[in-house]
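A.B. asks: Sharing a structure below in structure tokens format, with a few things to ask.
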Amino acid sequence: MGRGRARGRGSGTSGRPGGPGARALGGAALVAAGAELLHLAPAAVRLPPVRRLAARRTAGYGDPRHVALTFDDGPDPRGTPEILDALDALGLRATFFLLGTMLERAPGLGRELVTRGHEVAVHGWYHRRQWYPDPARDLRELRRVTEAVTDLCGARPSWYRPPYGVLAAGQALAAHRLGLRTVLWTTWGRDWVAGATGGSVYGTARAGLTGGATLLLHDSDCTSAPGSWRATLDALPLIADHCRDRALRLGPLRDHGVPAPGPGGRHRSTAAPPGTPWTPRSP
């Protein structure tokens, strides 16, 4: 009994402030915090000053005579066909960052993107933030979606954009290993919010629609307010007019002057060039 109490008092000293146990726990916490900090450090690229000054290519700054038109979260059987028809009517091509879960449900629509002259890129298998370090998970998921885009769309992607624009270290390393260049955006239209309209989307994006910009829009409402892609649809003519009035070309990332991965920075996509006739799918 007495020995039990003595052992209890002795074991308790290791947990007192400054004791061996406390120091061990504190060291472990510091290591964990350091690993988390390193994991999330690349996410600083999303901060506007970092984008403008230290990570211009990752942010999406490109040719000062060009604006890159990009869409996230598809392909979506409801929104994507409407967006594609609008782009055809405007004579525009764009880059579509695809989710594996969406592509798995609509593989024919993914291939149609390429057939109609657009560029396909990687957004992730799931639309979620990778807050906690797990390099094996990041590589596995990014490889899975990259292979799906290649196989189902018939074009090897060159670009990667993490969900929410939150780039963690594991994702950055996985993208590099898979030969993908990470590109975020320099301006957006907030087309995902409830109540967005074509005018509000254009009005939000307008100040950033300058030479070298990369515009983020969405062709799906899978992570947005229901039907929000309709505001994007209504904004496209306004955005096209804005760029035309300023003698800015509007098109995909492959024409944006951001070097794609590969020998000499050459683009590796097999997407059809703009103006390629499109053959509709059989009903």
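Labels for the structure tokens follow display order: chains A, B, ..., residues from 1 in each chain, ligands from 1.
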Find the spatial neighbours of Ile239 of chain A, counting only C-alpha atoms, within a cut-off of 12 Å - ignore same-chain residues fewer than 2 positions away - and output them as a ChimeraX atom specification.

C.D. replies: /A:67-69,87,90,92,188-189,198-210,215-217,232-237,241-246,248-251

A.B. asks: Find the nearest atom pair between each residue of segment 198-252 of chain A and segment 154-172 of chain A for residues within 12 Å, count only C-alpha atoms, give distances in Å to one decimal, sort rows by chain and ascending number, and present the table as CSV.

C.D. replies:
residue,atom,partner,partner_atom,distance
A:Leu216,CA,A:Gly165,CA,10.5
A:Thr223,CA,A:Pro163,CA,10.3
A:Ser224,CA,A:Tyr164,CA,11.8
A:Pro252,CA,A:Trp159,CA,11.1

A.B. asks: Could you pull the residues within 9 Å of Ala225 of chain A, counting only C-alpha atoms, minus those fewer than 2 positions along the same chain, as a PDB file with N, CA, C and O atoms, in the first residue's frame?

C.D. replies:
ATOM      1  N   ASP A 191     -18.979  33.146 -58.254  1.00  0.00           N
ATOM      2  CA  ASP A 191     -20.163  32.603 -58.907  1.00  0.00           C
ATOM      3  C   ASP A 191     -20.775  31.439 -58.144  1.00  0.00           C
ATOM      4  O   ASP A 191     -21.788  30.891 -58.557  1.00  0.00           O
ATOM      5  N   TRP A 192     -20.179  31.060 -57.031  1.00  0.00           N
ATOM      6  CA  TRP A 192     -20.668  29.916 -56.270  1.00  0.00           C
ATOM      7  C   TRP A 192     -21.680  30.301 -55.196  1.00  0.00           C
ATOM      8  O   TRP A 192     -22.297  29.427 -54.581  1.00  0.00           O
ATOM      9  N   VAL A 193     -21.857  31.583 -54.929  1.00  0.00           N
ATOM     10  CA  VAL A 193     -22.706  31.998 -53.810  1.00  0.00           C
ATOM     11  C   VAL A 193     -24.168  32.067 -54.230  1.00  0.00           C
ATOM     12  O   VAL A 193     -24.502  32.303 -55.397  1.00  0.00           O
ATOM     13  N   ALA A 194     -25.043  31.851 -53.266  1.00  0.00           N
ATOM     14  CA  ALA A 194     -26.471  32.000 -53.526  1.00  0.00           C
ATOM     15  C   ALA A 194     -26.771  33.452 -53.882  1.00  0.00           C
ATOM     16  O   ALA A 194     -26.231  34.376 -53.282  1.00  0.00           O
ATOM     17  N   GLY A 195     -27.617  33.652 -54.863  1.00  0.00           N
ATOM     18  CA  GLY A 195     -27.980  35.002 -55.277  1.00  0.00           C
ATOM     19  C   GLY A 195     -27.064  35.618 -56.308  1.00  0.00           C
ATOM     20  O   GLY A 195     -27.291  36.759 -56.737  1.00  0.00           O
ATOM     21  N   ASP A 221     -22.416  23.057 -59.795  1.00  0.00           N
ATOM     22  CA  ASP A 221     -22.827  23.534 -58.473  1.00  0.00           C
ATOM     23  C   ASP A 221     -22.676  22.433 -57.425  1.00  0.00           C
ATOM     24  O   ASP A 221     -23.289  22.495 -56.362  1.00  0.00           O
ATOM     25  N   CYS A 222     -21.821  21.442 -57.702  1.00  0.00           N
ATOM     26  CA  CYS A 222     -21.687  20.309 -56.770  1.00  0.00           C
ATOM     27  C   CYS A 222     -21.121  20.734 -55.423  1.00  0.00           C
ATOM     28  O   CYS A 222     -21.316  20.028 -54.423  1.00  0.00           O
ATOM     29  N   THR A 223     -20.415  21.854 -55.372  1.00  0.00           N
ATOM     30  CA  THR A 223     -19.930  22.374 -54.093  1.00  0.00           C
ATOM     31  C   THR A 223     -20.396  23.812 -53.882  1.00  0.00           C
ATOM     32  O   THR A 223     -19.845  24.525 -53.040  1.00  0.00           O
ATOM     33  N   GLY A 227     -27.751  25.565 -58.690  1.00  0.00           N
ATOM     34  CA  GLY A 227     -27.997  26.347 -59.896  1.00  0.00           C
ATOM     35  C   GLY A 227     -27.090  27.534 -60.088  1.00  0.00           C
ATOM     36  O   GLY A 227     -27.311  28.348 -60.988  1.00  0.00           O
ATOM     37  N   SER A 228     -26.040  27.641 -59.273  1.00  0.00           N
ATOM     38  CA  SER A 228     -25.175  28.822 -59.351  1.00  0.00           C
ATOM     39  C   SER A 228     -24.438  28.934 -60.681  1.00  0.00           C
ATOM     40  O   SER A 228     -24.053  30.032 -61.086  1.00  0.00           O
ATOM     41  N   TRP A 229     -24.282  27.821 -61.388  1.00  0.00           N
ATOM     42  CA  TRP A 229     -23.599  27.874 -62.689  1.00  0.00           C
ATOM     43  C   TRP A 229     -24.370  28.730 -63.702  1.00  0.00           C
ATOM     44  O   TRP A 229     -23.783  29.204 -64.684  1.00  0.00           O
TER      45      TRP A 229
END

A.B. asks: Let me make sure I understand: among A:Gly124, A:Pro64, A:Asp255, A:Leu238, which one has the smallest atom-to-atom distance to Arg93 of chain A if we use only C-alpha atoms?

C.D. replies: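 Ranked by minimum distance to Arg93 of chain A, first place goes to A:Asp255.
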
A.B. asks: Tell me, which residues of segment 51-94 of chain A carry DSSP alpha helix (DSSP H), written as a list in words?

C.D. replies: Arg51, Arg52, Leu53, Arg56, Arg57, Thr58, Ala59, Thr80, Pro81, Glu82, Ile83, Leu84, Asp85, Ala86, Leu87, Asp88, Ala89 and Leu90 of chain A

A.B. asks: Please determine, counting only C-alpha atoms, which residue among A:Thr80, A:Thr187, A:Thr197, A:Ser220 has the shortest atom-to-atom distance to Ala59 of chain A.

C.D. replies: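 The answer is A:Thr187, which sits nearest to Ala59 of chain A.
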